[in-house]
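Participant: After the structure tokens below, expect a handful of questions from me.
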Amino acid sequence: MLYNWSMGADGQIIRSRSNAGLKRMRAVLAGRERGVLVLEGERLVRDAIRLGCPLEGLLVADDRPELLDSLDSGGALVEAQLLQQASGLKTSPGVMALAPVPQALTLDQVNLDGDPLLLVIAGVADPGNLGALARSAEASGVRALVLLAGGTSPWNPKALRGSMGSLLRLPVVIAEDAAQVGRELNERGLRQAVAATRAGKAPSDFDWSGPIALWVGPETGDLPDSGQHLEPITIPTAGEVESLNVTVAGSLLLFAAGRVGPTTS
């Protein structure tokens with residue numbers, strides 16, 4: 001149900017910084033309210049509406065009234081300057097919404113029929129990297145994301161924006177215990193590979209057939225112990241470069257897995 005935010009004195013446009021809706025938006029962005037996420041930007045808000053996410057609040061800048069009408073989800077117009085002040089961005093895109101945090105899945109709720117590719121992300125702290133990884137995961141045919149504790153939240157506003165909605169569309173499993181995840185994946189018949197800086201097979205030499213879970217680690221540091229044999233894959237590099245950014249490396253390996261067919265005209 002849409003959050004019942006009071007309108008401005010004219011009954012149409014919010015003009016006060018002390019408006020309850022604006023105050024709540026700022027509180028969520030500041031991390032003072034759990035269980036709620038901020039959606040900022042027209043694309044992200046439209047994706048959430050299309051996916052049936054129940055908005056708890058919707059604010060649109062008063063210089064974009066046609067956008068509020070087209071979203072057809074209730075909400076309120078707010079002075080553009082006030083929305084900019086509430087925004088988590090340097091330049092507000094003119095639309096912000098609140099929605100409940102999606103319920104995370106467990107591995108036994110993920111459909112693993114056929115030859116699924118899963119991406120297991122451990123300890124990625126930068127929300128921009130997580131969002132970009134999720135975007136690449138969806139584009140490359142990943143069936144689900146498994147996020148291990150210790151990294152940034154998938155509901156971080158920067159991660160959501162960086163994913164371009166992929167974190168809302170992909171099944172997301174959030175797990176505490178890497179060893180438990182490793183056992184469950186093994187029991188469900190998935191081979192487990194890991195992006196390794198060195199000493200692994202080249203992506204072109206790796207056998208990508210069958211159900212596979214690809215593990216990627218943090219920007220710095222080691223993966224937590226999965227308790228399983230992880231087959232290392234190493235991307236060859238030229239010059240003195242020792243490693244690639246986690247998003248770049250993960251993306252290259254995901255597309256090397258070949259879960260996306262040729263495009264057709």
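A note on labels: chains of the structure tokens are A, B, ... as shown, every chain counts residues from 1, and ligands are counted from 1 in their shown order.
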For region 178-213 of chain A versus region 145-148 of chain A, which residues have an atom no more than 12 Å away, and what is each residue's nearest atom pair and distance in Å rounded to one decimal, using only C-alpha atoms, chain-then-number order, as JSON lines?

Facilitator:
```
{"residue": "A:Ala178", "atom": "CA", "partner": "A:Leu148", "partner_atom": "CA", "distance": 6.7}
{"residue": "A:Ala179", "atom": "CA", "partner": "A:Leu148", "partner_atom": "CA", "distance": 10.4}
{"residue": "A:Gln180", "atom": "CA", "partner": "A:Leu148", "partner_atom": "CA", "distance": 10.6}
{"residue": "A:Val181", "atom": "CA", "partner": "A:Val146", "partner_atom": "CA", "distance": 8.6}
{"residue": "A:Gly182", "atom": "CA", "partner": "A:Val146", "partner_atom": "CA", "distance": 10.9}
{"residue": "A:Glu184", "atom": "CA", "partner": "A:Val146", "partner_atom": "CA", "distance": 11.8}
{"residue": "A:Leu185", "atom": "CA", "partner": "A:Val146", "partner_atom": "CA", "distance": 10.6}
{"residue": "A:Ala213", "atom": "CA", "partner": "A:Val146", "partner_atom": "CA", "distance": 9.3}
```

Participant: Could you pull out the residues in region 75-249 of chain A that DSSP calls alpha helix (DSSP H) from the backbone, as a ChimeraX atom specification?

Facilitator: /A:80-86,127-139,157-163,166-169,178-187,246-249

Participant: Mind pulling up the distance from CA of Glu187 (chain A) to CA of Gly114 (chain A)?

Facilitator: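 That distance, rounded to one decimal, is 15.5 Å.
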
Participant: Might you pull out every residue within 9 Å of Arg191 (chain A), with only C-alpha atoms counted and same-chain residues fewer than 6 positions away left off, and present them as a list in words?

Facilitator: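 Within the cut-off, the hits are Leu185, Gly210, Pro211, Ile212, Ala213, Leu214, His229, Leu230 and Glu231 of chain A.
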
Participant: Write out as a list in words each polymer residue whose atoms come within 7 Å of Pro154 (chain A), counting only C-alpha atoms; drop sequence neighbours fewer than 4 positions from it.

Facilitator: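 Everything that qualifies: Ala159, Leu160 and Leu167 of chain A.
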
Participant: Would you mind exporting the chosen residues as a CSV table (one decimal), in the first residue's frame, restricted to N, CA, C and O atoms?

Facilitator:
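Output below, filename out-v2.csv:
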```
chain,number,residue,atom,x,y,z
A,159,ALA,N,24.1,0.1,-5.5
A,159,ALA,CA,24.1,-1.3,-6.2
A,159,ALA,C,22.9,-1.4,-7.1
A,159,ALA,O,23.0,-1.9,-8.2
A,160,LEU,N,21.8,-1.0,-6.6
A,160,LEU,CA,20.5,-1.1,-7.4
A,160,LEU,C,20.6,-0.3,-8.6
A,160,LEU,O,20.3,-0.8,-9.7
A,167,LEU,N,19.2,-6.5,-10.0
A,167,LEU,CA,19.0,-7.1,-8.7
A,167,LEU,C,17.6,-7.2,-8.3
A,167,LEU,O,17.3,-7.9,-7.3
```

Participant: Could you list, as a PyMOL selection string, every residue within 7 Å of region 26-39 of chain A, counting only C-alpha atoms and ignoring same-chain residues fewer than 3 positions away?

Facilitator: chain A and resi 22-23+44-45+86+88+96-101+155+157

Participant: Residues within 10 Å of Pro93 (chain A), please, as a list in words. Count only C-alpha atoms; anything in the same chain fewer than 5 positions from it doesn't count.

Facilitator: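 Non-adjacent residues within range: Glu40, Gly41, Glu42, Val60, Ala61, Ala80, Leu83, Gln84 and Ser87 of chain A.
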
Participant: For Ala257 (chain A), which of A:Cys53, A:Leu67, A:Val124, A:Leu119 is the closest residue, counting only C-alpha atoms?

Facilitator: A:Leu119

Participant: Check region 205-239 of chain A with DSSP on the backbone and list each residue it calls strand (DSSP E or B), as a ChimeraX atom specification.

Facilitator: /A:212-216,231-233

Participant: Write the residues you've just listed into a file as a PDB file, in the first residue's frame, and include N, CA and C atoms for each of them.

Facilitator:
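Result file part22.pdb:
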```pdb
ATOM      1  N   ILE A 212      26.881 -25.289 -13.329  1.00  0.00           N
ATOM      2  CA  ILE A 212      28.117 -24.714 -12.784  1.00  0.00           C
ATOM      3  C   ILE A 212      27.786 -23.527 -11.883  1.00  0.00           C
ATOM      4  N   ALA A 213      28.502 -23.443 -10.782  1.00  0.00           N
ATOM      5  CA  ALA A 213      28.474 -22.257  -9.927  1.00  0.00           C
ATOM      6  C   ALA A 213      29.844 -21.598 -10.009  1.00  0.00           C
ATOM      7  N   LEU A 214      29.870 -20.348 -10.432  1.00  0.00           N
ATOM      8  CA  LEU A 214      31.119 -19.595 -10.512  1.00  0.00           C
ATOM      9  C   LEU A 214      31.242 -18.709  -9.284  1.00  0.00           C
ATOM     10  N   TRP A 215      32.330 -18.882  -8.542  1.00  0.00           N
ATOM     11  CA  TRP A 215      32.597 -18.073  -7.362  1.00  0.00           C
ATOM     12  C   TRP A 215      33.528 -16.922  -7.738  1.00  0.00           C
ATOM     13  N   VAL A 216      33.201 -15.724  -7.284  1.00  0.00           N
ATOM     14  CA  VAL A 216      34.112 -14.588  -7.427  1.00  0.00           C
ATOM     15  C   VAL A 216      34.317 -13.987  -6.044  1.00  0.00           C
ATOM     16  N   GLU A 231      37.270 -25.359  -8.953  1.00  0.00           N
ATOM     17  CA  GLU A 231      38.153 -25.439 -10.118  1.00  0.00           C
ATOM     18  C   GLU A 231      38.573 -24.030 -10.525  1.00  0.00           C
ATOM     19  N   PRO A 232      39.889 -23.715 -10.477  1.00  0.00           N
ATOM     20  CA  PRO A 232      40.322 -22.343 -10.766  1.00  0.00           C
ATOM     21  C   PRO A 232      40.327 -22.028 -12.264  1.00  0.00           C
ATOM     22  N   ILE A 233      39.897 -20.811 -12.587  1.00  0.00           N
ATOM     23  CA  ILE A 233      39.933 -20.309 -13.952  1.00  0.00           C
ATOM     24  C   ILE A 233      40.672 -18.979 -13.924  1.00  0.00           C
TER      25      ILE A 233
END
```

Participant: Residues near Gly250 (chain A), anyone? I mean within 9 Å using only C-alpha atoms, not counting same-chain ones fewer than 2 positions away, as a list in words.

Facilitator: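 Selected residues are Leu119, Leu133, Ser136, Ala137, Ala195, Leu214, Trp215, Val216, Asn245, Val246, Thr247, Val248, Leu252, Leu253, Leu254 and Phe255 of chain A.
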
Participant: Choose the residue, out of A:Leu168, A:Ile49, A:Ala144, A:Ala139, that has the smallest atom-to-atom separation from Leu112 (chain A); count only C-alpha atoms.

Facilitator: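 Checking each of A:Leu168, A:Ile49, A:Ala144, A:Ala139 against Leu112 (chain A), counting only C-alpha atoms, the winner is A:Ala144.
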
Participant: Looking at A:Met164, A:Leu105, A:Val110, A:Leu117, which one is nearest to Gly131 (chain A), with distances taken over only C-alpha atoms?

Facilitator: A:Met164
